[in-house]
Each structure stands twice: as C-alpha cells, then as structure tokens.
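One structure is given here, and the rest of the page talks about it.
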Amino acid sequence: MRFIFFLLWCAIINFPAALCSAAQNSCITAECHIDIGKAKYLHGPLAADICIVCHIPGEGDQPPENHKLSYYKEGTELCLDCHDKLEKFLKGKTNHGPLEDGECIICHDPHQADNRFLLVETKMQDLCFTCHEDTMTNQNFVHGPVAGGDCVVCHDPHASKNDFLLTSTRLELCQSCHEETKIYFKRKYVHKPVKESCENCHTPHGSKFAFHLKHDTTDLCWECHREFVQQLNSSDSKHTAITKNGCLGCHQPHSSDNDKGLRENKKEICLSCHEIMKRKIRESQYLHGPVKEGDCVACHDAHATNYAKHLVKFFPDDFYFPYKIENYAMCFGCHNKEVATEESTETLTNFRNGKKNLHFLHVNREKGRSCKACHEVHAGNQEKHVRQEVPFGSSNWLLPINYTKTETGGGCVVGCHKEKKYDRKNPVLYVEQTQTQTKE
Ligand code: HEC
Ligand code: HEC
Ligand code: HEC
Ligand code: HEC
Ligand code: HEC
Ligand code: HEC
Ligand code: HEC
Ligand code: HEC
Ligand code: HEC
Ligand code: HEC
Ligand code: HEC
Ligand code: HEC
Ligand code: HEC
C-alpha cells in the first residue's frame, strides 16, 4: 500500500520533484549500489527505482548510516504492508516457521534475484534444505516431484490450514497428480487404510522400497495385520504362495471388485496359479461339491495352518491310516461321520454289500484305507468321485481300480485283489477275505 500511496503522493501533490526523483534515482549512482538492477528479476518497487518505500532515507543527500536497520517496518510487516493479499492469506492458518519468526528475506531477496519470485536459491530444494535436513533425495526411490525439486506443489511455503503446510487435503493432493487412482474408490471393496490416508503405506518423498512404500510389501502388510505374523510363524504348513509371491499374489493393496480385496474372485483366484489343478477340473466330468462352487478355502486355508497342504482340518497324508473319527475330520466336517462307524447298515452308505458296510470294512481298522485311496478329493471322471487309479503307499505308483457302477452296487479290479463286487440288494457272497485284507 505504502508504495502506491507514495507514487500517488508524488503525482498528486506534485511533491518537490527533487525529492521524488531523489527517491527514485539518487541511490544508484556511478559509485553506489551499482549491482542493483543487474539481476534477471527486480522487485516491484525497485523496478520503479524507489528505495525509500522500505529504507528511511538519510539526511539530505546522505545515505543512512546503516541501510540494514533503517526500514519503516521490521520483519514480515515491512513486506506485508504492500503484500496485503498474502497478509489476508496468512490469517487463521498455521504459518511456516520462518514467517512466525518474522523472516521473509531468508527466502526472498528484497531487491533482486536471478530466480523467479526473487528466491535466494536457484533450486527449490536447496532453499528448503538450508533449514530442513535432506532425508529424501538420497533414497533409492525418489518421488517424481521431489526429484524435480517441486516441494511447493505439496507444501505452501507460507502457510496452510492443513498439517505439514500441505497445499490441500492429503487425498486430494495425491489424486491431483495421480488421477487414475480415483478408480480405487469406485470399486466394491476399498481397503480401510486407503480410505484413511495414502501415507499409511506410501512415503511422500522417497523410500528405500519401490513404489515409495514404507516397508517392503510383506512387512508392510504385517505391520498392521499382526495376527498373520503369529499365524504364519506358528504354522507348520505355510502356503508357498505367501513365501514366494507375497501377499500381493492374491490381494490388491488398494481396492477390488472382489471380497477381501482379492485380485480375482474367490472362485478363480486359486486356479490362477494352480495350472495342473485347473486342467484337471476342466477335464473332469464330476466335480466335488465345494470344488464345483469354487470354494477351495472350505478345505485349504489360503494362508497357513498346522495341517499338511494347509488344510483347515486334519487329513491323513498316507494311504493306510488307523481309523479314528478325528482322523477324517476334514471330510466329516461336511459328510456323515457315521459312514464308517457301523459294521452293518442299510442307511448310512451305499458302499455296502447287502448290509455289510464296506466303508467300515476298508476304513475302520488299524490299517484303514484313507478316503483318498478310493475317492478323488477334487474332481474325477467317475461317479461318487471314485478314483480311476489309486496311489499306492507313499510311492507315486498308481494302481488302476477299474471301478464299475451298477444300479444297486458296483465292482472293481484292483492290483490288491481279484475282481470284487458289491450289491446292496443281492449281496455277493464271499467265502473269505482277500489276501491283502487278511494279511494285515
Ligand atoms: C521492498 C523493500 C526494499 C526496497 C524497495 C529496497 N530495499 Fe534495500 N533492503 C531491504 C531489506 C529488507 C534489506 C535487508 C537485507 C538483509 O538483511 O539481507 C535491505 C538491505 C539493503 C542494503 C544493505 C544490505 C545489502 O544488501 O547490501 C542496501 C545497501 C540496500 N538495501 C540498498 C537499497 C537500495 C539502493 C534500494 C533502491 C534501489 C533498496 N535497497 C530498496 C529492503 C528494501
Ligand atoms: C512498497 C510496496 C512493497 C513492499 C514494501 C514489498 N513489496 Fe514485494 N512486490 C511489490 C510489487 C509492486 C511487486 C510486483 C507486483 C507483483 O508481481 O505482485 C512485488 C513483488 C514481489 C515478489 C515477486 C512476486 C512475483 O510474482 O514475482 C516477491 C517474492 C515479493 N514482492 C516479496 C517481497 C518481500 C519479501 C518483501 C519484504 C522484504 C516485499 N516484497 C515488500 C511491492 C512491495
Ligand atoms: C521458506 C521460504 C519462504 C519464506 C520465509 C517466504 N516465502 Fe514467499 N515464496 C516462497 C516460495 C518458494 C515462493 C514461490 C511459490 C511458488 O513457486 O508457487 C514464494 C512466493 C512468494 C510470492 C509470490 C507468489 C504469491 O504467493 O503471491 C510473494 C509475493 C511472496 N512469496 C512473499 C513473501 C512474503 C511477504 C513473505 C514474508 C511474509 C514470504 N514470502 C516468506 C518462499 C518463501
Ligand atoms: C529459514 C529456515 C527454513 C526454510 C528455508 C524452510 N523452512 Fe520449513 N520450517 C522451518 C521451521 C523453523 C519450521 C517449524 C519448525 C518445525 O516444525 O520443524 C518449518 C516447518 C516446515 C514444515 C512443517 C513441519 C511440521 O512438522 O509441521 C514443512 C512441511 C516445511 N517446513 C517445509 C518447507 C519447505 C517445502 C521449504 C522450502 C520451500 C522450507 N520448509 C524452507 C524453517 C525453514
Ligand atoms: C507429493 C507431495 C510432497 C512433495 C513433493 C514434498 N512433500 Fe514434504 N511432505 C509431504 C507430506 C504428505 C508430508 C507429511 C508427512 C507425514 O505425514 O509424515 C510431508 C512432510 C514434510 C516435512 C515435515 C516432516 C518430515 O518429513 O520431516 C518436511 C520438512 C517436508 N515435507 C519438506 C519437503 C521438502 C523440502 C520437499 C521438496 C524437496 C518436499 N517436502 C516435497 C508431501 C510432499
Ligand atoms: C505434483 C504431482 C504429484 C503429486 C502431488 C503426487 N505424485 Fe506421486 N508421482 C508423481 C510423479 C511425476 C511420479 C513418477 C511417475 C513415474 O515414474 O511413472 C510419481 C510416482 C508415484 C508412485 C510410484 C509409481 C510407480 O509406478 O512407480 C507412487 C506410489 C506415488 N507417486 C504415490 C503418491 C502419493 C501417495 C501421493 C500423495 C502423498 C503422491 N504420489 C502425490 C507425481 C505426483
Ligand atoms: C495398504 C497400503 C497402501 C495404501 C494405504 C495405499 N497404497 Fe498405493 N500401493 C501399495 C502397494 C503395496 C503398492 C505396490 C503395488 C504393486 O507392487 O503392484 C502400491 C502402488 C501404488 C501406485 C503405483 C502402482 C499402481 O498400482 O498404480 C500408486 C500410483 C499408488 N499406490 C497410489 C496410492 C494412492 C494415491 C493412495 C491413496 C489413495 C495409496 N496408493 C494408498 C499400498 C498402498
Ligand atoms: C495401515 C494399516 C494396514 C496396512 C499397512 C495393511 N492393512 Fe489390510 N487392513 C487394515 C485394516 C484396518 C483393515 C480392516 C479390518 C477390519 O475391517 O476388520 C484391513 C483389511 C484387510 C483385508 C480384508 C479383511 C476383510 O475382512 O475384509 C485384507 C485382505 C487386507 N487388509 C490385506 C492387506 C494386505 C495384503 C496388505 C499389504 C499390502 C495390508 N492389508 C496392509 C489395515 C492395514
Ligand atoms: C494364495 C492367495 C493368498 C495370499 C498369498 C494371501 N492371501 Fe489373504 N486371503 C486369501 C483368500 C482367498 C482370503 C479369503 C478367505 C476366506 O474368505 O475365507 C484371504 C483373506 C485375508 C484376510 C481377511 C481374513 C479374514 O479373516 O477375513 C486378510 C486380512 C488377509 N487375507 C491378509 C493377507 C496378508 C497380510 C497376506 C500376506 C501375508 C495374505 N493375505 C496373503 C488369499 C491369499
Ligand atoms: C500367486 C500364486 C498362487 C495362488 C494365487 C495360489 N497358490 Fe497355492 N501354491 C502356489 C505355489 C507357488 C505353491 C507351491 C508349489 C506347488 O506345490 O505347486 C502352492 C502350493 C499350494 C498347495 C500345496 C501343494 C502341495 O503339493 O503341497 C495347496 C494345497 C495350494 N497351493 C492351494 C491353494 C489354494 C486353495 C489357493 C487359493 C486360495 C491357492 N493355492 C492360490 C501358488 C499359488
Ligand atoms: C473337500 C476338500 C477340498 C477342497 C474343496 C479342495 N481341496 Fe485341494 N486338497 C484337499 C486334500 C484333502 C488334499 C490332499 C490330497 C492328498 O493328500 O492327496 C488336497 C490337495 C491339494 C493340492 C496338492 C496337489 C494335489 O493335487 O494333491 C492342491 C494344489 C490343491 N489341493 C488345490 C486346491 C484347489 C485349487 C482347490 C479349489 C479348486 C482345492 N484344492 C479344493 C482337499 C480339498
Ligand atoms: C465343505 C464341505 C465338504 C467337505 C469338507 C467334503 N465334502 Fe464331499 N461333498 C460335499 C458336497 C456339497 C458334495 C455334493 C453332494 C451332492 O451332490 O449331493 C460332496 C460329495 C462327495 C462325494 C460324492 C457323494 C455323492 O453322493 O455324490 C464323495 C464321495 C465325497 N464328497 C467325499 C468327500 C471326502 C472323501 C472328503 C474329505 C477329503 C470330503 N468329501 C469333504 C461337501 C464336502
Ligand atoms: C475302499 C474304497 C473306499 C474308501 C476307502 C472310502 N470310500 Fe467312500 N465310497 C466308495 C465307493 C465305491 C462309494 C460309492 C458307493 C455307491 O454309490 O455305490 C463311496 C461313496 C461315498 C460317499 C457317498 C455316500 C455313500 O456313502 O454312499 C461318501 C460321502 C463317501 N464315500 C465318503 C467317504 C469318506 C469320507 C471316506 C474316508 C473316511 C471314504 N468314503 C472312504 C469307496 C470308498
């Protein structure tokens, strides 16, 4: 304001031209202040060659004894007197430290500079790093605008209503450049920390880790999902996908159209990596109930458990296994527990010869056959998921069983015994047990 008044004052009252022109010119002479006016940018008042809007002139033609101390006002007031827009802007906001301390000229040259906005440093970050420690530009990954020295896209150098002098709310800030991330919020499932703040996971300046993450991805997830660290550390059977591909093999970090932030829907996620299983399922005529539903996690925990193949319940790994109900907990979670408890039955199972329960016969003994001896767990080409081949022992030797099914029973020819038939209505008579069955 003072500047304008001054010019008006000179013009209107036609103040002794001598004084006005003295104010304008007399300070820059052949001997004095010869460097002023040589820089690329000149401060407004100096462009008009007026020094005494800021400096109190000396007596007569004499320069003041000490220019530095002879201002009309001190500190920021000197500047804000004319920069009233900025003054208004500062009101009601948190002002940057140096402004609080009354310093404009720590960043701006009051007279002239080769840098825009009369800044005292050519590179923005050099200006900021005169006071702030540089913890950013030496990181492995430096964020685009930081590398470009554009601190002020994110921080207002003067003041802000937002914490850390941010130029807008955090989310808007990130999305002002990363517009494509607006789609995160349009999906069905949005990860909670993403709704809160991007900096839950990303550092704004730079990071040791790709994508400016706070930690490498698995540690990042673990930081909040502590229960997983425990689950994984205490589990005997961890899904290799976690150790090999990390959490992001299956989960999106930001959002997804699938529940639990999965990359693909629950039906497809497992088969996206398990090619052999995928082929088997595609090529099989009969799919086991939960497999048909795409519910792999009904039996396998996606992450880790204490049971082999991270099954959710115990299931014997071996061909022969002593019978106990709990040993087939995996299957009995959904199927009738009694299938092998009664030696004789007319209701519990169709796998019987007359009333003789053949599940009981095969399964319920010290050297019982595991369900997988006869059944496919996932998919197969025979009814009731009866296998075409039986894995023998722990070897990879596969015995064909040549199962045939009839209206009222069925039969098979296995390496371990001659053709065997069962019939629920007209039981087949057997004089003695087969060799393998009696040998036990
Ligand atoms: C917008 C206000 C303003 C105007 C206009 C202004 N000065 Fe200054 N001047 C200052 C401030 C503030 C300082 C103190 C700078 C510092 O401490 O680094 C200063 C310091 C000085 C100094 C001493 C330190 C130095 O930089 O050598 C001289 C000499 C000086 N000014 C001359 C002038 C002359 C000559 C003019 C007119 C051509 C002028 N000033 C116009 C604000 C102004
Ligand atoms: C007498 C009035 C006056 C005073 C006092 C004054 N300025 Fe200015 N300032 C101006 C004018 C006029 C301009 C040029 C018009 C514009 O660009 O806004 C200007 C421009 C600037 C600019 C450059 C803006 C740009 O867009 O390039 C900065 C930075 C600045 N002043 C900082 C200061 C600082 C720091 C002080 C205190 C040391 C100060 N001003 C004191 C009148 C003043
Ligand atoms: C910490 C350094 C710093 C301090 C202290 C500082 N400024 Fe600035 N100022 C800047 C930077 C950096 C810019 C350039 C902003 C940009 O590029 O958008 C700027 C821009 C300006 C501008 C021009 C753009 C605008 O916002 O109108 C003016 C005028 C200005 N400052 C005046 C002042 C005044 C007056 C003070 C003291 C009250 C002050 N500054 C204190 C760093 C500072
Ligand atoms: C003259 C020294 C100085 C310069 C130059 C300076 N700052 Fe500051 N800055 C401070 C002080 C002092 C504080 C307040 C004390 C604090 O919180 O650390 C501060 C605070 C901040 C804060 C807020 C920190 C918080 O914890 O809330 C940010 C962000 C910041 N400055 C960014 C910048 C940027 C960007 C620049 C360059 C444009 C810059 N500073 C230049 C001295 C400076
Ligand atoms: C992409 C936006 C962005 C850019 C660019 C940026 N900052 Fe920041 N800065 C932030 C955010 C967000 C925070 C708050 C961090 C937090 O919440 O811990 C911050 C915090 C700060 C702080 C205070 C806390 C700390 O980490 O020390 C300082 C100082 C700071 N920034 C300086 C700078 C400087 C200097 C530059 C330029 C070299 C810069 N910033 C560039 C977004 C940015
Ligand atoms: C001023 C613009 C700007 C702002 C604001 C900004 N960024 Fe960036 N960001 C960039 C640029 C430029 C890159 C580098 C682009 C590249 O390399 O593809 C980048 C890169 C990134 C990357 C790495 C992308 C990759 O593919 O490697 C992440 C993550 C990121 N920014 C997150 C953020 C977050 C979080 C915020 C808010 C705190 C933010 N950005 C604010 C401009 C910005
Ligand atoms: C829960 C942690 C987390 C949060 C919160 C988060 N991100 Fe990310 N972000 C990541 C991870 C992890 C990656 C790396 C993705 C990868 O490796 O494929 C990433 C990558 C990115 C990328 C680059 C690659 C891409 O997928 O496009 C951008 C840009 C990005 N994030 C922006 C943001 C923004 C903007 C926000 C806030 C709205 C945000 N992020 C919040 C974890 C997070
Ligand atoms: C800053 C903390 C934080 C980080 C880091 C984090 N999460 Fe989360 N996550 C949460 C919170 C909070 C929830 C919501 C929990 C709730 O609603 O009970 C959540 C929910 C989830 C869910 C969905 C749970 C549900 O029931 O819908 C999954 C999956 C998930 N996070 C995976 C991840 C993965 C993968 C990572 C690493 C990229 C990760 N999280 C990093 C805090 C975090
Ligand atoms: C092999 C794919 C896969 C990997 C790798 C994976 N998850 Fe999951 N995650 C899933 C599936 C599938 C679900 C849904 C389970 C369900 O609905 O029963 C899930 C659910 C979750 C949930 C929600 C749990 C709940 O009880 O609702 C969280 C949290 C989670 N995962 C975090 C993680 C973290 C952290 C990692 C990395 C340590 C990780 N996941 C790795 C597939 C995976
Ligand atoms: C990101 C890829 C990936 C995804 C997605 C994935 N897995 Fe895996 N899985 C693996 C890898 C790698 C192994 C270890 C190599 C192998 O045995 O095939 C493995 C091993 C397994 C094993 C143990 C195999 C053995 O012979 O010991 C089971 C069971 C399993 N996965 C089930 C699942 C289920 C269920 C899902 C869905 C919730 C799933 N996987 C999703 C990569 C994946
Ligand atoms: C009804 C429970 C159940 C369901 C549902 C299930 N599995 Fe399994 N899965 C098992 C059992 C039990 C084993 C161990 C079989 C063995 O020891 O031979 C197994 C073994 C595996 C293996 C190890 C390799 C193999 O062929 O033996 C993989 C891989 C696997 N399952 C993936 C899947 C995928 C993918 C799905 C979903 C399409 C799925 N499972 C659904 C019970 C199930
Ligand atoms: C998550 C529940 C679940 C688990 C666990 C489960 N099943 Fe099933 N099972 C089903 C469903 C559902 C059907 C389809 C029933 C139907 O079609 O009527 C089925 C069908 C069968 C059939 C064919 C029955 C028929 O009438 O067609 C056999 C055999 C079978 N399961 C064996 C097993 C074995 C062996 C296990 C343990 C490895 C097991 N199941 C674990 C749900 C399960
Ligand atoms: C020696 C081979 C064999 C063993 C071992 C075996 N099953 Fe079966 N199971 C069959 C045959 C054959 C059928 C088909 C009966 C029919 O429909 O004629 C069958 C049928 C079933 C059915 C369909 C309903 C019923 O009982 O008719 C279920 C469920 C079943 N088995 C579950 C199991 C479970 C669980 C185990 C392990 C505890 C197991 N099976 C062990 C051969 C076996």
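Each chain of the structure tokens is named A, B, ... in the order shown, its residues numbered from 1; ligands are numbered from 1 in display order.
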* Report as a PyMOL selection string which protein, DNA and RNA residues come within 8 Å of ligand 12, using only C-alpha atoms and all ligand atoms. => chain A and resi 288-290+295+298-299+315+328-335+371-372+375-377+383-386
* To do: Enumerate residues in contact with ligand 4: an atom-to-atom distance of at most 9 Å, counting only C-alpha atoms and all ligand atoms. Format the result as number ranges by chain.
  => A: 94-101, 103-104, 106-107, 124-132, 150-158, 163-166
* To do: List every residue of region 223-305 of chain A that DSSP, applied to the backbone of this structure, places in alpha helix (DSSP H), and write the result as a ChimeraX atom specification.
  => /A:223-224,226-233,240-245,266-269,275-283,289-292
Environment of ligand 8 within 9 Å, counting only C-alpha atoms and all ligand atoms, reported as a PDB file with N, CA, C and O atoms, in the first residue's frame:
ATOM      1  N   TYR A 189     -14.972 -53.067  -3.001  1.00  0.00           N
ATOM      2  CA  TYR A 189     -14.271 -53.217  -1.736  1.00  0.00           C
ATOM      3  C   TYR A 189     -13.082 -52.253  -1.714  1.00  0.00           C
ATOM      4  O   TYR A 189     -12.249 -52.282  -2.614  1.00  0.00           O
ATOM      5  N   VAL A 190     -13.036 -51.387  -0.715  1.00  0.00           N
ATOM      6  CA  VAL A 190     -11.883 -50.491  -0.583  1.00  0.00           C
ATOM      7  C   VAL A 190     -11.175 -50.817   0.738  1.00  0.00           C
ATOM      8  O   VAL A 190     -11.798 -50.834   1.800  1.00  0.00           O
ATOM      9  N   HIS A 191      -9.900 -51.093   0.637  1.00  0.00           N
ATOM     10  CA  HIS A 191      -9.089 -51.434   1.817  1.00  0.00           C
ATOM     11  C   HIS A 191      -9.138 -50.256   2.794  1.00  0.00           C
ATOM     12  O   HIS A 191      -8.923 -49.112   2.392  1.00  0.00           O
ATOM     13  N   LYS A 192      -9.401 -50.546   4.049  1.00  0.00           N
ATOM     14  CA  LYS A 192      -9.637 -49.471   5.010  1.00  0.00           C
ATOM     15  C   LYS A 192      -8.519 -48.420   5.089  1.00  0.00           C
ATOM     16  O   LYS A 192      -8.807 -47.223   5.072  1.00  0.00           O
ATOM     17  N   PRO A 193      -7.255 -48.809   5.189  1.00  0.00           N
ATOM     18  CA  PRO A 193      -6.207 -47.776   5.288  1.00  0.00           C
ATOM     19  C   PRO A 193      -6.133 -46.871   4.061  1.00  0.00           C
ATOM     20  O   PRO A 193      -5.622 -45.757   4.155  1.00  0.00           O
ATOM     21  N   VAL A 194      -6.616 -47.320   2.935  1.00  0.00           N
ATOM     22  CA  VAL A 194      -6.607 -46.480   1.735  1.00  0.00           C
ATOM     23  C   VAL A 194      -7.634 -45.357   1.896  1.00  0.00           C
ATOM     24  O   VAL A 194      -7.395 -44.226   1.484  1.00  0.00           O
ATOM     25  N   GLU A 196      -8.347 -44.041   4.636  1.00  0.00           N
ATOM     26  CA  GLU A 196      -7.841 -43.093   5.641  1.00  0.00           C
ATOM     27  C   GLU A 196      -6.771 -42.179   5.063  1.00  0.00           C
ATOM     28  O   GLU A 196      -6.904 -40.967   5.104  1.00  0.00           O
ATOM     29  N   SER A 197      -5.702 -42.755   4.556  1.00  0.00           N
ATOM     30  CA  SER A 197      -4.614 -41.924   4.039  1.00  0.00           C
ATOM     31  C   SER A 197      -3.634 -42.760   3.238  1.00  0.00           C
ATOM     32  O   SER A 197      -3.252 -43.849   3.660  1.00  0.00           O
ATOM     33  N   GLU A 199      -0.657 -42.214   2.948  1.00  0.00           N
ATOM     34  CA  GLU A 199       0.627 -42.313   3.658  1.00  0.00           C
ATOM     35  C   GLU A 199       0.649 -43.383   4.728  1.00  0.00           C
ATOM     36  O   GLU A 199       1.663 -43.559   5.385  1.00  0.00           O
ATOM     37  N   ASN A 200      -0.472 -44.088   4.892  1.00  0.00           N
ATOM     38  CA  ASN A 200      -0.399 -45.281   5.725  1.00  0.00           C
ATOM     39  C   ASN A 200       0.612 -46.246   5.146  1.00  0.00           C
ATOM     40  O   ASN A 200       1.210 -47.031   5.877  1.00  0.00           O
ATOM     41  N   CYS A 201       0.765 -46.191   3.869  1.00  0.00           N
ATOM     42  CA  CYS A 201       1.680 -47.142   3.221  1.00  0.00           C
ATOM     43  C   CYS A 201       2.780 -46.479   2.389  1.00  0.00           C
ATOM     44  O   CYS A 201       3.846 -47.041   2.227  1.00  0.00           O
ATOM     45  N   LYS A 214       6.504 -47.694   2.562  1.00  0.00           N
ATOM     46  CA  LYS A 214       7.164 -47.527   3.853  1.00  0.00           C
ATOM     47  C   LYS A 214       8.050 -48.718   4.201  1.00  0.00           C
ATOM     48  O   LYS A 214       9.056 -48.586   4.875  1.00  0.00           O
ATOM     49  N   HIS A 215       7.579 -49.897   3.814  1.00  0.00           N
ATOM     50  CA  HIS A 215       8.329 -51.128   4.077  1.00  0.00           C
ATOM     51  C   HIS A 215       8.234 -51.982   2.823  1.00  0.00           C
ATOM     52  O   HIS A 215       7.416 -51.705   1.965  1.00  0.00           O
ATOM     53  N   THR A 217       6.832 -55.014   0.675  1.00  0.00           N
ATOM     54  CA  THR A 217       5.382 -55.246   0.764  1.00  0.00           C
ATOM     55  C   THR A 217       4.940 -56.191   1.869  1.00  0.00           C
ATOM     56  O   THR A 217       3.962 -55.908   2.538  1.00  0.00           O
ATOM     57  N   THR A 218       5.659 -57.308   2.042  1.00  0.00           N
ATOM     58  CA  THR A 218       5.151 -58.247   3.037  1.00  0.00           C
ATOM     59  C   THR A 218       5.231 -57.645   4.434  1.00  0.00           C
ATOM     60  O   THR A 218       4.277 -57.713   5.207  1.00  0.00           O
ATOM     61  N   ASP A 219       6.341 -56.994   4.749  1.00  0.00           N
ATOM     62  CA  ASP A 219       6.452 -56.329   6.052  1.00  0.00           C
ATOM     63  C   ASP A 219       5.371 -55.277   6.198  1.00  0.00           C
ATOM     64  O   ASP A 219       4.833 -55.063   7.273  1.00  0.00           O
ATOM     65  N   LEU A 220       5.087 -54.625   5.091  1.00  0.00           N
ATOM     66  CA  LEU A 220       4.068 -53.576   5.110  1.00  0.00           C
ATOM     67  C   LEU A 220       2.736 -54.149   5.576  1.00  0.00           C
ATOM     68  O   LEU A 220       2.083 -53.597   6.462  1.00  0.00           O
ATOM     69  N   CYS A 221       2.357 -55.246   4.990  1.00  0.00           N
ATOM     70  CA  CYS A 221       1.075 -55.851   5.351  1.00  0.00           C
ATOM     71  C   CYS A 221       1.117 -56.345   6.794  1.00  0.00           C
ATOM     72  O   CYS A 221       0.163 -56.197   7.545  1.00  0.00           O
ATOM     73  N   TRP A 222       2.247 -56.890   7.166  1.00  0.00           N
ATOM     74  CA  TRP A 222       2.370 -57.436   8.511  1.00  0.00           C
ATOM     75  C   TRP A 222       2.306 -56.371   9.576  1.00  0.00           C
ATOM     76  O   TRP A 222       1.913 -56.637  10.698  1.00  0.00           O
ATOM     77  N   GLU A 223       2.731 -55.192   9.229  1.00  0.00           N
ATOM     78  CA  GLU A 223       2.761 -54.127  10.226  1.00  0.00           C
ATOM     79  C   GLU A 223       1.385 -53.958  10.856  1.00  0.00           C
ATOM     80  O   GLU A 223       1.258 -53.749  12.054  1.00  0.00           O
ATOM     81  N   CYS A 224       0.358 -54.035  10.044  1.00  0.00           N
ATOM     82  CA  CYS A 224      -0.993 -53.877  10.578  1.00  0.00           C
ATOM     83  C   CYS A 224      -1.667 -55.209  10.835  1.00  0.00           C
ATOM     84  O   CYS A 224      -2.457 -55.329  11.750  1.00  0.00           O
ATOM     85  N   HIS A 225      -1.352 -56.191  10.018  1.00  0.00           N
ATOM     86  CA  HIS A 225      -2.020 -57.483  10.193  1.00  0.00           C
ATOM     87  C   HIS A 225      -1.153 -58.394  11.048  1.00  0.00           C
ATOM     88  O   HIS A 225      -0.685 -59.436  10.597  1.00  0.00           O
ATOM     89  N   GLY A 246       4.354 -63.374  -1.935  1.00  0.00           N
ATOM     90  CA  GLY A 246       3.930 -62.316  -1.024  1.00  0.00           C
ATOM     91  C   GLY A 246       2.417 -62.147  -1.041  1.00  0.00           C
ATOM     92  O   GLY A 246       1.708 -62.811  -1.785  1.00  0.00           O
ATOM     93  N   CYS A 247       1.955 -61.238  -0.223  1.00  0.00           N
ATOM     94  CA  CYS A 247       0.513 -61.045  -0.062  1.00  0.00           C
ATOM     95  C   CYS A 247      -0.126 -60.585  -1.369  1.00  0.00           C
ATOM     96  O   CYS A 247      -1.290 -60.864  -1.643  1.00  0.00           O
ATOM     97  N   LEU A 248       0.647 -59.863  -2.165  1.00  0.00           N
ATOM     98  CA  LEU A 248       0.054 -59.288  -3.364  1.00  0.00           C
ATOM     99  C   LEU A 248      -0.166 -60.298  -4.487  1.00  0.00           C
ATOM    100  O   LEU A 248      -0.737 -59.966  -5.509  1.00  0.00           O
ATOM    101  N   GLY A 249       0.289 -61.530  -4.264  1.00  0.00           N
ATOM    102  CA  GLY A 249      -0.036 -62.586  -5.216  1.00  0.00           C
ATOM    103  C   GLY A 249      -1.548 -62.774  -5.287  1.00  0.00           C
ATOM    104  O   GLY A 249      -2.068 -63.172  -6.314  1.00  0.00           O
ATOM    105  N   CYS A 250      -2.216 -62.481  -4.200  1.00  0.00           N
ATOM    106  CA  CYS A 250      -3.667 -62.707  -4.157  1.00  0.00           C
ATOM    107  C   CYS A 250      -4.481 -61.455  -3.849  1.00  0.00           C
ATOM    108  O   CYS A 250      -5.626 -61.354  -4.254  1.00  0.00           O
ATOM    109  N   HIS A 251      -3.902 -60.529  -3.087  1.00  0.00           N
ATOM    110  CA  HIS A 251      -4.675 -59.350  -2.682  1.00  0.00           C
ATOM    111  C   HIS A 251      -4.242 -58.098  -3.426  1.00  0.00           C
ATOM    112  O   HIS A 251      -3.064 -57.906  -3.704  1.00  0.00           O
ATOM    113  N   GLN A 252      -5.190 -57.244  -3.703  1.00  0.00           N
ATOM    114  CA  GLN A 252      -4.887 -55.902  -4.212  1.00  0.00           C
ATOM    115  C   GLN A 252      -4.611 -55.017  -3.003  1.00  0.00           C
ATOM    116  O   GLN A 252      -5.322 -55.116  -2.013  1.00  0.00           O
ATOM    117  N   PRO A 253      -3.622 -54.161  -3.079  1.00  0.00           N
ATOM    118  CA  PRO A 253      -3.369 -53.326  -1.899  1.00  0.00           C
ATOM    119  C   PRO A 253      -4.424 -52.226  -1.705  1.00  0.00           C
ATOM    120  O   PRO A 253      -4.660 -51.800  -0.590  1.00  0.00           O
ATOM    121  N   HIS A 254      -5.033 -51.788  -2.787  1.00  0.00           N
ATOM    122  CA  HIS A 254      -5.914 -50.616  -2.674  1.00  0.00           C
ATOM    123  C   HIS A 254      -7.395 -50.971  -2.625  1.00  0.00           C
ATOM    124  O   HIS A 254      -8.086 -50.611  -1.689  1.00  0.00           O
ATOM    125  N   ASP A 259     -14.503 -59.517  -2.879  1.00  0.00           N
ATOM    126  CA  ASP A 259     -14.411 -59.511  -1.420  1.00  0.00           C
ATOM    127  C   ASP A 259     -12.969 -59.704  -0.979  1.00  0.00           C
ATOM    128  O   ASP A 259     -12.192 -60.329  -1.678  1.00  0.00           O
ATOM    129  N   LYS A 260     -12.678 -59.217   0.185  1.00  0.00           N
ATOM    130  CA  LYS A 260     -11.354 -59.364   0.803  1.00  0.00           C
ATOM    131  C   LYS A 260     -10.245 -58.844  -0.103  1.00  0.00           C
ATOM    132  O   LYS A 260      -9.107 -59.295  -0.019  1.00  0.00           O
ATOM    133  N   GLY A 261     -10.581 -57.947  -0.977  1.00  0.00           N
ATOM    134  CA  GLY A 261      -9.558 -57.332  -1.815  1.00  0.00           C
ATOM    135  C   GLY A 261      -8.830 -58.319  -2.710  1.00  0.00           C
ATOM    136  O   GLY A 261      -7.690 -58.064  -3.109  1.00  0.00           O
ATOM    137  N   LEU A 262      -9.465 -59.421  -3.027  1.00  0.00           N
ATOM    138  CA  LEU A 262      -8.770 -60.411  -3.855  1.00  0.00           C
ATOM    139  C   LEU A 262      -8.615 -59.918  -5.294  1.00  0.00           C
ATOM    140  O   LEU A 262      -9.448 -59.192  -5.811  1.00  0.00           O
TER     141      LEU A 262
END
* Could you name the residues that touch Val428 (chain A) at 10 Å or less, counting only C-alpha atoms, but leaving out those on the same chain fewer than 6 positions away, as a count of residues only? -> 6
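When the distance limit is 10 Å and only C-alpha atoms are what count, the residues near His300 (chain A), minus those fewer than 5 positions from it on the same chain, are His239, Asp295, Thr305, Tyr307, Ala308, Lys309, His310, Leu311, Val312, Lys313 and Met330 of chain A.
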* To do: Name each residue within 8 Å of ligand 1, counting only C-alpha atoms and all ligand atoms, as JSON, numbers by chain.
  => {"A": [24, 25, 27, 28, 32, 33, 36, 37, 43, 44, 45, 46, 49, 50, 51, 52, 53, 54, 55, 66, 67, 68, 69, 71, 75, 78, 79, 105, 106, 109, 110, 111]}
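Minimum distance to Ala379 (chain A) across A:Phe209, A:Phe89, A:Phe141, A:Tyr286 (counting only C-alpha atoms) occurs at A:Tyr286.
With distances taken over only C-alpha atoms and all ligand atoms, A:Gly102 is the one residue among A:Pro391, A:Gly380, A:Gly102, A:Gly92 lying closest to ligand 2.
In this comparison, which uses only C-alpha atoms and all ligand atoms, the residue of A:Thr341, A:Asn245, A:Asn140, A:Asn115 approaching ligand 7 most closely is A:Asn245.
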* Write down as number ranges by chain the residues belonging to region 69-317 of chain A that are assigned strand (DSSP E or B) by DSSP computed on the backbone. => A: 71, 94-95, 108, 112-113, 119, 141-142, 155, 159-160, 166, 189-190, 202, 206-207, 209, 213, 237-238, 251, 255-256, 262, 286-287, 300, 304-305, 311
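Candidate residues A:Gln230, A:Thr167, A:Gln139, A:Asn265 were compared for distance to ligand 3, and the nearest is A:Thr167, using only C-alpha atoms and all ligand atoms.
Minimum distance to ligand 3 across A:His362, A:Lys266, A:Lys324, A:His83 (counting only C-alpha atoms and all ligand atoms) occurs at A:His83.
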* List all protein, DNA and RNA residues that have at least one atom no more than 6 Å from any atom of ligand 6, counting only C-alpha atoms and all ligand atoms, and write them as a PyMOL selection string. => chain A and resi 143-145+153-154+173-174+176-177+198-199+202+204+211-212
